[in-house]
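work_35.txt follows (compact mmCIF, C-alpha atoms):
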# COMPACT_ATOMS: atom_id res chain seq x y z
CA MET A 1 -20.03 -57.05 7.72
CA ILE A 2 -16.45 -57.26 9.02
CA ASN A 3 -16.86 -61.03 9.46
CA GLU A 4 -18.04 -61.28 5.85
CA PHE A 5 -15.04 -59.28 4.69
CA ILE A 6 -12.63 -61.49 6.64
CA SER A 7 -14.24 -64.81 5.64
CA MET A 8 -14.70 -63.79 1.96
CA ASN A 9 -17.43 -66.39 1.50
CA GLY A 10 -15.16 -69.17 2.74
CA TYR A 11 -12.14 -68.16 0.61
CA GLY A 12 -10.66 -65.85 3.30
CA ILE A 13 -7.96 -68.28 4.38
CA PHE A 14 -6.65 -68.57 0.79
CA VAL A 15 -6.91 -64.87 -0.07
CA TRP A 16 -5.45 -63.54 3.21
CA SER A 17 -2.63 -66.09 3.30
CA SER A 18 -1.64 -65.16 -0.30
CA PHE A 19 -1.53 -61.45 0.49
CA LEU A 20 0.23 -62.07 3.81
CA ILE A 21 2.93 -64.26 2.24
CA THR A 22 3.51 -61.70 -0.55
CA PHE A 23 3.80 -58.67 1.71
CA LEU A 24 5.77 -60.52 4.40
CA ALA A 25 8.30 -61.71 1.81
CA CYS A 26 8.53 -58.18 0.37
CA GLY A 27 8.98 -56.70 3.86
CA ILE A 28 11.72 -59.13 4.88
CA PHE A 29 13.50 -58.69 1.55
CA TYR A 30 13.35 -54.87 1.89
CA TYR A 31 14.70 -55.03 5.46
CA LYS A 32 17.58 -57.35 4.45
CA THR A 33 18.53 -55.26 1.41
CA ARG A 34 18.49 -52.04 3.44
CA LYS A 35 20.53 -53.65 6.22
CA THR A 36 23.19 -54.82 3.73
CA LEU A 37 23.34 -51.34 2.14
CA LYS A 38 23.76 -49.68 5.56
CA LYS A 39 26.45 -52.21 6.51
CA TYR A 40 28.45 -51.46 3.34
CA GLU A 41 28.00 -47.68 3.82
CA LYS A 42 29.24 -47.97 7.41
CA GLU A 43 32.26 -50.11 6.47
CA PHE A 44 33.15 -47.81 3.56
CA ALA A 45 32.88 -44.69 5.76
CA LYS A 46 35.00 -46.33 8.47
CA GLU A 47 37.69 -47.23 5.93
CA ILE A 48 37.78 -43.63 4.69
CA GLU A 49 38.10 -42.38 8.28
CA GLU A 50 41.04 -44.73 8.83
CA LEU A 51 43.04 -43.24 5.91
CA SER A 52 45.75 -40.65 6.57
CA ILE A 53 44.63 -36.98 6.28
CA GLU A 54 46.27 -36.58 2.87
CA GLN A 55 44.83 -39.81 1.47
CA LYS A 56 41.41 -38.94 2.85
CA LYS A 57 41.55 -35.52 1.18
CA THR A 58 42.50 -37.09 -2.17
CA VAL A 59 39.71 -39.66 -1.93
CA LEU A 60 37.08 -37.09 -1.03
CA GLU A 61 38.23 -34.74 -3.80
CA ASN A 62 38.15 -37.47 -6.44
CA SER A 63 35.00 -39.27 -5.42
CA LYS A 64 31.57 -37.68 -4.98
CA ILE A 65 30.30 -41.05 -3.76
CA ALA A 66 32.88 -41.22 -0.96
CA SER A 67 32.01 -37.74 0.29
CA LYS A 68 28.26 -38.47 0.06
CA VAL A 69 28.58 -41.73 2.00
CA LEU A 70 30.86 -40.16 4.60
CA SER A 71 28.55 -37.19 5.20
CA SER A 72 25.46 -39.40 5.54
CA TYR A 73 27.39 -41.69 7.91
CA ASN A 74 28.48 -38.74 10.03
CA LYS A 75 24.86 -37.56 10.22
CA THR A 76 23.70 -40.92 11.61
CA ILE A 77 26.31 -41.13 14.40
CA MET B 1 26.63 -36.70 -22.63
CA PHE B 2 28.64 -39.85 -21.83
CA ASN B 3 30.08 -38.04 -18.82
CA PHE B 4 26.58 -38.22 -17.37
CA ILE B 5 26.76 -42.03 -17.24
CA ASN B 6 29.28 -42.44 -14.46
CA ASN B 7 28.92 -43.95 -11.01
CA SER B 8 28.86 -40.56 -9.23
CA ASN B 9 25.94 -39.23 -11.28
CA ILE B 10 24.13 -42.56 -11.10
CA PHE B 11 24.59 -42.53 -7.31
CA ILE B 12 22.99 -39.07 -7.01
CA TRP B 13 20.08 -40.09 -9.28
CA ILE B 14 19.56 -43.25 -7.23
CA GLU B 15 19.06 -41.12 -4.10
CA ARG B 16 16.60 -38.80 -5.87
CA LEU B 17 14.62 -41.68 -7.36
CA THR B 18 14.51 -43.53 -4.02
CA ASN B 19 13.09 -40.43 -2.31
CA PHE B 20 10.50 -39.99 -5.07
CA ILE B 21 9.35 -43.63 -4.88
CA ASN B 22 9.18 -43.48 -1.08
CA SER B 23 6.96 -40.39 -1.27
CA ILE B 24 4.27 -42.00 -3.47
CA PHE B 25 4.59 -45.67 -2.55
CA PHE B 26 2.27 -45.97 0.46
CA VAL B 27 -0.55 -43.93 -1.13
CA LEU B 28 -0.48 -46.19 -4.19
CA LEU B 29 -0.26 -49.32 -2.03
CA LEU B 30 -3.31 -48.25 -0.03
CA ALA B 31 -5.26 -47.56 -3.23
CA ALA B 32 -4.21 -50.88 -4.79
CA LEU B 33 -5.15 -52.88 -1.67
CA SER B 34 -8.52 -51.11 -1.42
CA PHE B 35 -9.33 -52.00 -5.03
CA ALA B 36 -8.01 -55.57 -4.76
CA LEU B 37 -9.65 -56.51 -1.46
CA ILE B 38 -12.77 -54.32 -1.24
CA LEU B 39 -13.84 -52.51 -4.42
CA SER B 40 -13.30 -55.18 -7.09
CA PRO B 41 -16.18 -57.65 -7.57
CA PRO B 42 -15.94 -61.41 -6.94
CA ASP B 43 -15.72 -63.65 -10.01
CA TYR B 44 -18.96 -65.32 -11.18
CA LEU B 45 -17.24 -68.74 -11.15
CA GLN B 46 -14.37 -68.51 -8.65
CA GLY B 47 -15.99 -66.15 -6.15
CA ASP B 48 -13.67 -64.18 -3.86
CA SER B 49 -10.73 -66.54 -4.47
CA VAL B 50 -10.12 -64.56 -7.66
CA ARG B 51 -8.57 -61.82 -5.47
CA ILE B 52 -5.43 -64.00 -5.25
CA MET B 53 -4.91 -63.02 -8.90
CA TYR B 54 -3.98 -59.48 -7.78
CA VAL B 55 -0.75 -60.72 -6.21
CA HIS B 56 -0.18 -63.91 -8.22
CA VAL B 57 -0.29 -62.45 -11.74
CA PRO B 58 1.91 -59.33 -11.14
CA ALA B 59 4.44 -61.53 -9.30
CA ALA B 60 4.58 -63.94 -12.27
CA TRP B 61 4.92 -61.04 -14.76
CA ILE B 62 7.81 -59.57 -12.73
CA GLY B 63 9.51 -62.98 -12.44
CA LEU B 64 9.34 -63.48 -16.22
CA ALA B 65 10.27 -59.90 -17.15
CA SER B 66 13.25 -59.86 -14.77
CA PHE B 67 14.73 -63.04 -16.24
CA THR B 68 14.19 -61.80 -19.80
CA CYS B 69 16.06 -58.57 -18.89
CA ILE B 70 18.84 -60.53 -17.20
CA ALA B 71 19.22 -62.86 -20.19
CA PHE B 72 19.38 -60.08 -22.80
CA MET B 73 21.77 -57.98 -20.70
CA SER B 74 23.97 -61.03 -20.05
CA ILE B 75 24.18 -61.76 -23.79
CA VAL B 76 25.06 -58.11 -24.56
CA ASN B 77 27.61 -58.12 -21.71
CA PHE B 78 29.11 -61.40 -22.95
CA ILE B 79 29.76 -59.81 -26.35
CA PHE B 80 30.59 -56.16 -25.49
CA LYS B 81 31.87 -56.47 -21.87
CA ILE B 82 29.94 -53.56 -20.32
CA LYS B 83 30.60 -53.56 -16.57
CA TYR B 84 27.36 -51.71 -15.68
CA LEU B 85 25.31 -54.55 -17.12
CA THR B 86 26.93 -57.03 -14.71
CA LEU B 87 25.95 -54.78 -11.80
CA ILE B 88 22.40 -54.48 -13.13
CA THR B 89 21.90 -58.24 -13.68
CA LYS B 90 23.35 -59.01 -10.24
CA SER B 91 20.91 -56.53 -8.68
CA ILE B 92 17.84 -57.79 -10.58
CA ALA B 93 18.33 -61.55 -10.05
CA PRO B 94 17.31 -61.80 -6.34
CA ILE B 95 14.20 -59.68 -7.01
CA GLY B 96 13.19 -61.93 -9.89
CA LEU B 97 13.76 -65.06 -7.80
CA MET B 98 11.62 -63.74 -4.96
CA PHE B 99 8.71 -62.85 -7.25
CA THR B 100 8.94 -66.18 -9.10
CA CYS B 101 8.70 -67.96 -5.73
CA ILE B 102 5.75 -65.72 -4.70
CA ALA B 103 4.00 -66.57 -8.01
CA ILE B 104 4.52 -70.31 -7.41
CA VAL B 105 3.37 -70.20 -3.76
CA THR B 106 0.31 -67.97 -4.33
CA GLY B 107 -0.57 -70.01 -7.43
CA SER B 108 -0.42 -73.14 -5.32
CA ILE B 109 -2.73 -71.55 -2.72
CA TRP B 110 -5.12 -70.48 -5.50
CA GLY B 111 -5.05 -74.02 -6.90
CA GLN B 112 -6.65 -75.54 -3.79
CA PRO B 113 -10.07 -73.80 -4.00
CA THR B 114 -10.06 -73.72 -7.82
CA TRP B 115 -8.71 -77.13 -8.87
CA GLY B 116 -8.97 -78.97 -5.56
CA THR B 117 -5.21 -79.46 -5.22
CA PHE B 118 -2.20 -77.39 -4.16
CA TRP B 119 0.15 -78.88 -6.76
CA VAL B 120 0.07 -80.60 -10.14
CA TRP B 121 2.95 -81.12 -12.52
CA ASP B 122 1.27 -79.27 -15.38
CA ALA B 123 3.29 -77.45 -18.06
CA ARG B 124 2.91 -73.90 -16.66
CA ILE B 125 3.77 -74.76 -13.05
CA THR B 126 6.67 -77.03 -14.05
CA SER B 127 8.17 -74.42 -16.41
CA MET B 128 7.82 -71.73 -13.69
CA SER B 129 9.64 -74.02 -11.23
CA ILE B 130 12.40 -74.47 -13.84
CA LEU B 131 12.63 -70.66 -14.08
CA ALA B 132 13.14 -70.50 -10.30
CA LEU B 133 15.94 -73.09 -10.68
CA PHE B 134 17.64 -70.95 -13.35
CA TYR B 135 17.48 -67.97 -10.99
CA VAL B 136 19.02 -70.06 -8.19
CA MET B 137 21.83 -71.24 -10.50
CA PHE B 138 22.48 -67.67 -11.73
CA ILE B 139 22.75 -66.30 -8.17
CA ALA B 140 24.70 -69.30 -6.83
CA ILE B 141 27.37 -68.94 -9.54
CA GLN B 142 27.86 -65.26 -8.66
CA LYS B 143 28.22 -66.15 -4.96
CA LEU B 144 30.30 -69.33 -5.25
CA ILE B 145 32.89 -68.38 -7.88
CA SER B 146 35.22 -65.72 -6.52
CA GLU B 147 36.91 -64.97 -9.86
CA GLU B 148 34.54 -62.29 -11.21
CA ASP B 149 35.19 -62.72 -14.96
CA ARG B 150 34.65 -66.48 -14.83
CA ALA B 151 31.51 -66.10 -12.70
CA ASN B 152 30.09 -63.57 -15.19
CA LYS B 153 30.81 -65.84 -18.16
CA ILE B 154 29.15 -68.89 -16.57
CA SER B 155 26.14 -66.94 -15.27
CA SER B 156 25.70 -65.30 -18.71
CA LEU B 157 25.61 -68.77 -20.25
CA ILE B 158 23.01 -69.90 -17.68
CA ALA B 159 20.87 -66.83 -18.42
CA ALA B 160 21.12 -67.41 -22.19
CA VAL B 161 20.07 -71.06 -21.82
CA GLY B 162 17.30 -70.05 -19.40
CA LEU B 163 15.91 -67.63 -21.98
CA ILE B 164 14.62 -70.66 -23.95
CA ASN B 165 12.29 -71.36 -21.01
CA ILE B 166 10.52 -67.97 -21.24
CA PRO B 167 8.47 -68.65 -24.42
CA ILE B 168 7.81 -72.15 -23.08
CA ILE B 169 6.21 -70.60 -19.95
CA LYS B 170 4.26 -68.08 -22.04
CA TYR B 171 2.85 -70.60 -24.55
CA SER B 172 2.66 -73.65 -22.26
CA VAL B 173 -1.10 -73.14 -21.80
CA GLU B 174 -1.59 -73.23 -25.57
CA TRP B 175 0.89 -75.98 -26.51
CA TRP B 176 -0.17 -78.49 -23.85
CA SER B 177 -3.42 -79.39 -22.15
CA THR B 178 -3.04 -77.81 -18.70
CA LEU B 179 -5.20 -76.80 -15.75
CA HIS B 180 -4.18 -73.17 -16.29
CA GLN B 181 -6.56 -70.96 -18.25
CA PRO B 182 -5.21 -69.16 -21.36
CA ALA B 183 -4.02 -65.55 -20.96
CA SER B 184 -6.84 -63.06 -20.30
CA ILE B 185 -4.65 -60.00 -20.91
CA LYS B 186 -3.05 -59.58 -24.30
CA ILE B 187 -0.66 -56.83 -25.37
CA SER B 188 -1.79 -57.21 -29.00
CA GLY B 189 -5.49 -57.98 -29.39
CA SER B 190 -8.41 -57.49 -27.04
CA SER B 191 -8.23 -58.63 -23.41
CA THR B 192 -11.01 -60.78 -21.99
CA ILE B 193 -10.81 -59.37 -18.45
CA HIS B 194 -13.40 -56.83 -17.23
CA SER B 195 -12.15 -53.32 -16.40
CA SER B 196 -13.36 -53.68 -12.78
CA MET B 197 -10.72 -56.42 -12.38
CA LEU B 198 -8.13 -55.00 -14.76
CA THR B 199 -7.85 -51.73 -12.76
CA PRO B 200 -6.80 -53.36 -9.43
CA LEU B 201 -4.54 -55.76 -11.30
CA LEU B 202 -2.67 -52.95 -13.04
CA LEU B 203 -2.58 -50.87 -9.83
CA MET B 204 -1.08 -53.77 -7.88
CA PHE B 205 1.40 -54.34 -10.72
CA LEU B 206 2.43 -50.67 -10.55
CA VAL B 207 2.94 -50.91 -6.76
CA LEU B 208 5.06 -54.05 -7.07
CA ILE B 209 7.07 -52.52 -9.93
CA LEU B 210 7.81 -49.49 -7.72
CA TYR B 211 8.83 -51.85 -4.92
CA CYS B 212 11.16 -53.66 -7.35
CA ALA B 213 12.64 -50.33 -8.44
CA LEU B 214 13.27 -49.43 -4.79
CA ILE B 215 15.02 -52.73 -4.08
CA PHE B 216 16.95 -52.56 -7.36
CA LEU B 217 18.21 -49.05 -6.55
CA MET B 218 19.34 -50.12 -3.08
CA LYS B 219 21.09 -53.20 -4.48
CA TYR B 220 22.75 -51.20 -7.26
CA LYS B 221 23.92 -48.63 -4.70
CA THR B 222 25.36 -51.45 -2.57
CA GLU B 223 27.25 -52.78 -5.62
CA ILE B 224 28.69 -49.31 -6.39
CA ILE B 225 29.87 -48.92 -2.77
CA ARG B 226 31.36 -52.44 -2.87
CA ILE B 227 33.42 -51.47 -5.94
CA LYS B 228 34.47 -48.15 -4.37
CA LYS B 229 35.46 -50.02 -1.21
CA LYS B 230 37.63 -52.35 -3.27
CA ASN B 231 39.27 -49.38 -5.01
CA LEU B 232 39.96 -47.76 -1.63
CA LYS B 233 42.31 -50.66 -0.81
CA ARG B 234 44.79 -49.18 -3.33
CA TYR B 235 45.54 -46.43 -0.79
CA ASP B 236 46.62 -48.98 1.87

Translate the structure described by the file into structure tokens.
Amino acid sequence: MINEFISMNGYGIFVWSSFLITFLACGIFYYKTRKTLKKYEKEFAKEIEELSIEQKKTVLENSKIASKVLSSYNKTI
Amino acid sequence: MFNFINNSNIFIWIERLTNFINSIFFVLLLAALSFALILSPPDYLQGDSVRIMYVHVPAAWIGLASFTCIAFMSIVNFIFKIKYLTLITKSIAPIGLMFTCIAIVTGSIWGQPTWGTFWVWDARITSMSILALFYVMFIAIQKLISEEDRANKISSLIAAVGLINIPIIKYSVEWWSTLHQPASIKISGSSTIHSSMLTPLLLMFLVLILYCALIFLMKYKTEIIRIKKKNLKRYD
């Protein structure tokens, strides 16, 4: 029964390769997009950390995004 | 109300939406795969090779829909200069390109058992390949031209020209004699596909749409951070 399911009456190679290519491409694309996002978050958080105390305070007060990114970055390290 | 549409609020909503999609995604994927690979019946003519349809057709729909969105948004942006639209089109383009390529590759694999060949230069396949080229040009312009305004103008023009190709793809099977069958699913009028095949097709489409939303949200978030990072340089 499992052999039948895998061979799909001789069409298995076409069906499985189509699904494999689709989900592999989606997986790689997801990984790359997530990696780029994390890289930008890390760089942005590092740049905020490098600011003087006063500048950092101004940035965090004016930007919800900056404080969100910085807090999530601090959680990961 | 307009205060709601700012990057900070969008950023918070992106996080909420991402969490929501993550929570339902794998359950839906499992259901869609079960229907597509096990529960749906084989076709009376094509046998089990028809299961390729469950990835090929949604991928083609997403490829076409993404470019249509990009083109309309680019035209609106060209006229009204709305910066959010540039971010949106930039985030959608790579997703559309990937799904167009998936549609071409899986279609080619489906062609071998059905038509006896991986590739023919018929109207549908050729016009889909042209769509992939428009995507490549759109993305390449954004990457190669550093001056943002100029890059946006040129890529908007490419998207507007590429929009002509969309009805050509849609009606290519009716205008020319091709190996492709005419559309089985119609928005207006009755579809000729049986519900036992329509259900897995729509389920798989839903899963891939959710995946696209997830990628889009991550890309949009990256673009917002990139802009914020640029603005941070003012403090140096």

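The coordinates place atom CA of Leu64 of chain B at 13.4 Å from atom CA of Cys212 of chain B.
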
Go through chain A residue by residue and, counting all atoms listed in the file, keep those with an atom at most 9 Å from chain B; for each kept residue give the shortest atom pair and its distance in Å to one decimal, ordered by chain and increasing number, as a Markdown table.
| residue | atom | partner | partner_atom | distance |
| --- | --- | --- | --- | --- |
| A:Phe5 | CA | B:Ile38 | CA | 8.1 |
| A:Met8 | CA | B:Asp48 | CA | 5.9 |
| A:Asn9 | CA | B:Asp48 | CA | 6.9 |
| A:Gly10 | CA | B:Asp48 | CA | 8.4 |
| A:Tyr11 | CA | B:Ser49 | CA | 5.5 |
| A:Gly12 | CA | B:Ser49 | CA | 7.8 |
| A:Phe14 | CA | B:Ile109 | CA | 6.0 |
| A:Val15 | CA | B:Ile52 | CA | 5.5 |
| A:Trp16 | CA | B:Ile52 | CA | 8.5 |
| A:Ser17 | CA | B:Ile109 | CA | 8.1 |
| A:Ser18 | CA | B:Thr106 | CA | 5.3 |
| A:Phe19 | CA | B:Val55 | CA | 6.8 |
| A:Ile21 | CA | B:Ile102 | CA | 7.6 |
| A:Thr22 | CA | B:Ile102 | CA | 6.2 |
| A:Ala25 | CA | B:Met98 | CA | 7.8 |
| A:Cys26 | CA | B:Tyr211 | CA | 8.3 |
| A:Phe29 | CA | B:Ile215 | CA | 8.3 |
| A:Tyr30 | CA | B:Ile215 | CA | 6.6 |
| A:Thr33 | CA | B:Lys219 | CA | 6.7 |
| A:Arg34 | CA | B:Met218 | CA | 6.8 |
| A:Thr36 | CA | B:Thr222 | CA | 7.5 |
| A:Leu37 | CA | B:Thr222 | CA | 5.1 |
| A:Lys38 | CA | B:Thr222 | CA | 8.5 |
| A:Tyr40 | CA | B:Thr222 | CA | 6.7 |
| A:Glu41 | CA | B:Ile225 | CA | 7.0 |
| A:Glu43 | CA | B:Lys229 | CA | 8.3 |
| A:Phe44 | CA | B:Lys229 | CA | 5.7 |
| A:Glu47 | CA | B:Leu232 | CA | 7.9 |
| A:Ile48 | CA | B:Leu232 | CA | 7.9 |
| A:Leu51 | CA | B:Tyr235 | CA | 7.8 |
| A:Gln55 | CA | B:Tyr235 | CA | 7.0 |
| A:Val59 | CA | B:Leu232 | CA | 8.1 |
| A:Ser63 | CA | B:Ser8 | CA | 7.3 |
| A:Lys64 | CA | B:Ser8 | CA | 5.8 |
| A:Ile65 | CA | B:Ser8 | CA | 5.7 |
| A:Ala66 | CA | B:Lys228 | CA | 7.9 |
| A:Lys68 | CA | B:Ile12 | CA | 8.8 |
| A:Val69 | CA | B:Ile225 | CA | 8.7 |

Keeping C-alpha atoms, export the residues of the selection given above as an mmCIF file, keeping the file's coordinate frame.
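Printed below is result28.cif as written:
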data_model
loop_
_atom_site.group_PDB
_atom_site.id
_atom_site.type_symbol
_atom_site.label_atom_id
_atom_site.label_comp_id
_atom_site.auth_asym_id
_atom_site.auth_seq_id
_atom_site.Cartn_x
_atom_site.Cartn_y
_atom_site.Cartn_z
ATOM 1 C CA PHE A 5 -15.040 -59.280 4.690
ATOM 2 C CA MET A 8 -14.700 -63.790 1.960
ATOM 3 C CA ASN A 9 -17.430 -66.390 1.500
ATOM 4 C CA GLY A 10 -15.160 -69.170 2.740
ATOM 5 C CA TYR A 11 -12.140 -68.160 0.610
ATOM 6 C CA GLY A 12 -10.660 -65.850 3.300
ATOM 7 C CA PHE A 14 -6.650 -68.570 0.790
ATOM 8 C CA VAL A 15 -6.910 -64.870 -0.070
ATOM 9 C CA TRP A 16 -5.450 -63.540 3.210
ATOM 10 C CA SER A 17 -2.630 -66.090 3.300
ATOM 11 C CA SER A 18 -1.640 -65.160 -0.300
ATOM 12 C CA PHE A 19 -1.530 -61.450 0.490
ATOM 13 C CA ILE A 21 2.930 -64.260 2.240
ATOM 14 C CA THR A 22 3.510 -61.700 -0.550
ATOM 15 C CA ALA A 25 8.300 -61.710 1.810
ATOM 16 C CA CYS A 26 8.530 -58.180 0.370
ATOM 17 C CA PHE A 29 13.500 -58.690 1.550
ATOM 18 C CA TYR A 30 13.350 -54.870 1.890
ATOM 19 C CA THR A 33 18.530 -55.260 1.410
ATOM 20 C CA ARG A 34 18.490 -52.040 3.440
ATOM 21 C CA THR A 36 23.190 -54.820 3.730
ATOM 22 C CA LEU A 37 23.340 -51.340 2.140
ATOM 23 C CA LYS A 38 23.760 -49.680 5.560
ATOM 24 C CA TYR A 40 28.450 -51.460 3.340
ATOM 25 C CA GLU A 41 28.000 -47.680 3.820
ATOM 26 C CA GLU A 43 32.260 -50.110 6.470
ATOM 27 C CA PHE A 44 33.150 -47.810 3.560
ATOM 28 C CA GLU A 47 37.690 -47.230 5.930
ATOM 29 C CA ILE A 48 37.780 -43.630 4.690
ATOM 30 C CA LEU A 51 43.040 -43.240 5.910
ATOM 31 C CA GLN A 55 44.830 -39.810 1.470
ATOM 32 C CA VAL A 59 39.710 -39.660 -1.930
ATOM 33 C CA SER A 63 35.000 -39.270 -5.420
ATOM 34 C CA LYS A 64 31.570 -37.680 -4.980
ATOM 35 C CA ILE A 65 30.300 -41.050 -3.760
ATOM 36 C CA ALA A 66 32.880 -41.220 -0.960
ATOM 37 C CA LYS A 68 28.260 -38.470 0.060
ATOM 38 C CA VAL A 69 28.580 -41.730 2.000
#

Excluding Leu202 of chain B and any residue of its chain fewer than 6 positions from it, enumerate the residues within 12 Å of it, using only C-alpha atoms, and give them as a ChimeraX atom specification.
/B:28-29,31-33,35-36,53-55,57-59,61,185,193,195-196,208-209

Point-to-point distance in Å for atom CA of Leu217 of chain B and atom CA of Thr89 of chain B:
12.2 Å

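Straight-line separation from atom CA of Thr114 of chain B to atom CA of Tyr44 of chain B: 12.7 Å.
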
Give me the residues near segment 70-78 of chain B as a list in words, where near means some atom within 8 Å (using only C-alpha atoms) and where sequence neighbours in that chain fewer than 6 positions away do not count.
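The residues that qualify are Leu85, Thr86, Thr89, Ile92, Ala93, Lys153, Ser155, Ser156, Leu157, Ala159, Ala160, Gly162 and Leu163 of chain B.
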
Counting all atoms listed in the file, which of B:Gln142, B:Ala183, B:Asn152, B:Pro41 gets nearest to Pro200 of chain B?
B:Pro41

Between A:Met1, A:Gly27, A:Ile13, A:Ser72, which one has atoms that come closest to Glu15 of chain B, using only C-alpha atoms?
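Checking each candidate against Glu15 of chain B, we get A:Ser72 as the closest.
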
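Here the question is which of B:Trp119, B:Leu97, B:Val136, B:Asp149 gets nearest to Ile62 of chain B using all atoms listed in the file, and that residue is B:Leu97.
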
Of the candidates B:Ser91, B:Ser34, B:Thr100, B:Thr18, which one gets nearest to Met128 of chain B if we count only C-alpha atoms?
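Under the stated criterion, the closest residue is B:Thr100.
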